[in-house]
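The structure appears below as structure tokens.
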Amino acid sequence: MLKKIAVLIIIAFTLNSCVSKKVYQELESKFNKLRSSNLELIKEKDNLLTIKNELEADIKTLKSELTELKAKKEILDNEYVALQNKYKNLEDSYGVLSTQSSKELAEQSRKNQELLVQLEEKERKLLEESIRLEELNRELSLRSEEVDELQNLIKAKEAQMQKLKNAISSALHNFEGNGLTVVHKNGKIYVSMENKLLFNSGSWAVGSEGKKAVEQLAGVLSENTDINVLIEGHTDNVPYKGTTLIDNWDLSVKRATAIVRILKDKGVNPTQITAAGRSEYIPVDSNKTTEGKAKNRRIEIILAPNLDEISKLLKE
């Protein structure tokens, strides 16, 4: 789909803006849908830690209930033993009283029956508590297994992303500090390239040094097929002054797709890649200084792990 949209954009600009506003809006809508889909996938991972904490809270509550049930069962056991002893004493007394009047014997028999009913009720409650205790233990065990499996998956994803970060830093070490940074945070990897490394002012044609950096990055990404790659183009707040494009937003999109094409041409699976233009609206520094504007003119490549396995586990 991205390839088709890219071809349409190329044709559109080749015909010098002859394409109708409707076609442009359709292309822009498709880009926005792709960007929204990718952002939803990224947000999904950010919710995983919250879900994990909720599961751990459930386990803590279940453990507390288990402790209370064990204490309650112990009390019932003691009461049951006391009633059994009392019943035995009454039976012994009954033998002694058997020579007494029939009225006394009838009263004693009534008390014995009451005690038997109490014993049966206690036995019923003990059985119910035992069954509930077993069910609680099974639920606790299942919850613990789910949390363990979720934690293992998250750890594996974190380890994978750290390994990927190390590989990227190694591949791009010649460029780091020269307009390129690689950061691992919140489970994702952020590769930021300032425009001075990639583009001339107002242009979306990637220069030789920038192309070399992107190609070296592509060499790493092509070996990691389960990583989602979001390419974001950013500009400063200086309005676009050319005639080919409309504004900075157009320019940021064109720069993002220029990076996408290099990645694709160097073996990165197109289904992994999403291009987005953010224009001037997410600056990392003040646009009041030359240095700040230079930092804001950048390409950000955001790498996020594929969370399909974790989503499947949560649905189960």
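Just so we're on the same page: first chain in the structure tokens is A, next is B, and so on; residues restart at 1 for each chain, and ligands are numbered from 1 in the order they show up.
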
Using only C-alpha atoms, which residues sit within 10 Å of range 144-161 of chain A once same-chain residues fewer than 4 positions away are excluded, as an mmCIF file with C-alpha atoms, in the first residue's frame?
```cif
data_model
loop_
_atom_site.group_PDB
_atom_site.id
_atom_site.type_symbol
_atom_site.label_atom_id
_atom_site.label_comp_id
_atom_site.auth_asym_id
_atom_site.auth_seq_id
_atom_site.Cartn_x
_atom_site.Cartn_y
_atom_site.Cartn_z
ATOM 1 C CA LYS A 45 2.897 -1.866 24.545
ATOM 2 C CA LEU A 48 1.262 -3.725 29.059
ATOM 3 C CA LEU A 49 3.107 -2.673 32.195
ATOM 4 C CA ILE A 51 -1.864 -4.672 32.868
ATOM 5 C CA LYS A 52 1.046 -6.506 34.480
ATOM 6 C CA ASN A 53 0.730 -4.352 37.629
ATOM 7 C CA GLU A 54 -3.009 -5.092 37.751
ATOM 8 C CA LEU A 55 -2.328 -8.842 37.526
ATOM 9 C CA GLU A 56 0.235 -8.596 40.315
ATOM 10 C CA ASP A 58 -4.853 -9.441 41.813
ATOM 11 C CA ILE A 59 -2.320 -12.022 42.994
ATOM 12 C CA ARG A 138 -5.877 -23.121 41.386
ATOM 13 C CA GLU A 139 -6.783 -19.547 40.419
ATOM 14 C CA LEU A 140 -3.702 -18.223 42.200
ATOM 15 C CA LYS A 165 20.207 -0.682 20.114
ATOM 16 C CA ASN A 166 23.746 -2.008 20.557
ATOM 17 C CA ALA A 167 23.816 -3.206 16.952
ATOM 18 C CA HIS A 184 16.751 3.374 24.201
ATOM 19 C CA LYS A 185 13.808 4.406 26.400
ATOM 20 C CA ASN A 186 10.284 3.225 27.257
ATOM 21 C CA GLY A 187 10.885 -0.068 25.448
ATOM 22 C CA LYS A 188 11.617 1.658 22.124
ATOM 23 C CA ILE A 189 14.709 2.843 20.277
ATOM 24 C CA ASN A 224 15.141 -7.724 12.538
ATOM 25 C CA ILE A 227 10.446 -4.650 14.596
ATOM 26 C CA LEU A 303 11.741 1.324 16.518
ATOM 27 C CA ALA A 304 9.160 -0.601 18.529
ATOM 28 C CA PRO A 305 8.893 -4.353 19.193
ATOM 29 C CA ASN A 306 6.096 -6.411 17.656
ATOM 30 C CA LEU A 307 3.621 -7.041 20.497
ATOM 31 C CA GLU A 309 2.606 -12.449 21.156
ATOM 32 C CA ILE A 310 1.799 -10.384 24.248
ATOM 33 C CA SER A 311 -1.585 -9.331 22.858
ATOM 34 C CA LEU A 313 -1.484 -13.966 25.697
ATOM 35 C CA LEU A 314 -3.681 -11.234 27.195
ATOM 36 C CA GLU A 316 -6.320 -15.875 26.117
#
```

Exercise for the section: Enumerate, as a list of chain:residue names, the complete set of residues in range 123-268 of chain A that a backbone-based DSSP assignment places in strand (DSSP E or B). Expected result: A:Glu176, A:Leu180, A:Thr181, A:Val182, A:Val183, A:His184, A:Lys185, A:Lys188, A:Ile189, A:Tyr190, A:Val191, A:Ser192, A:Met193, A:Glu194, A:Ile227, A:Asn228, A:Val229, A:Leu230, A:Ile231, A:Glu232, A:Gly233, A:His234

Handout entry: Given only C-alpha atoms as the counted atoms, nearest of A:Asn195, A:Gln162, A:Ser93, A:Ser286 to Gly207 in chain A
Key = A:Asn195

Exercise for the section: Find the residues around Ser252 in chain A up to 7 Å (only C-alpha atoms counted), leave out those fewer than 6 positions away in its own chain, and share them as a PyMOL selection string. Expected result: chain A and resi 233-235+277-279

Handout entry: Residues within 10 Å of Ser222 in chain A, only C-alpha atoms, excluding chain neighbours under 6 positions, as a PyMOL selection string
Key = chain A and resi 263-264+266-269+272
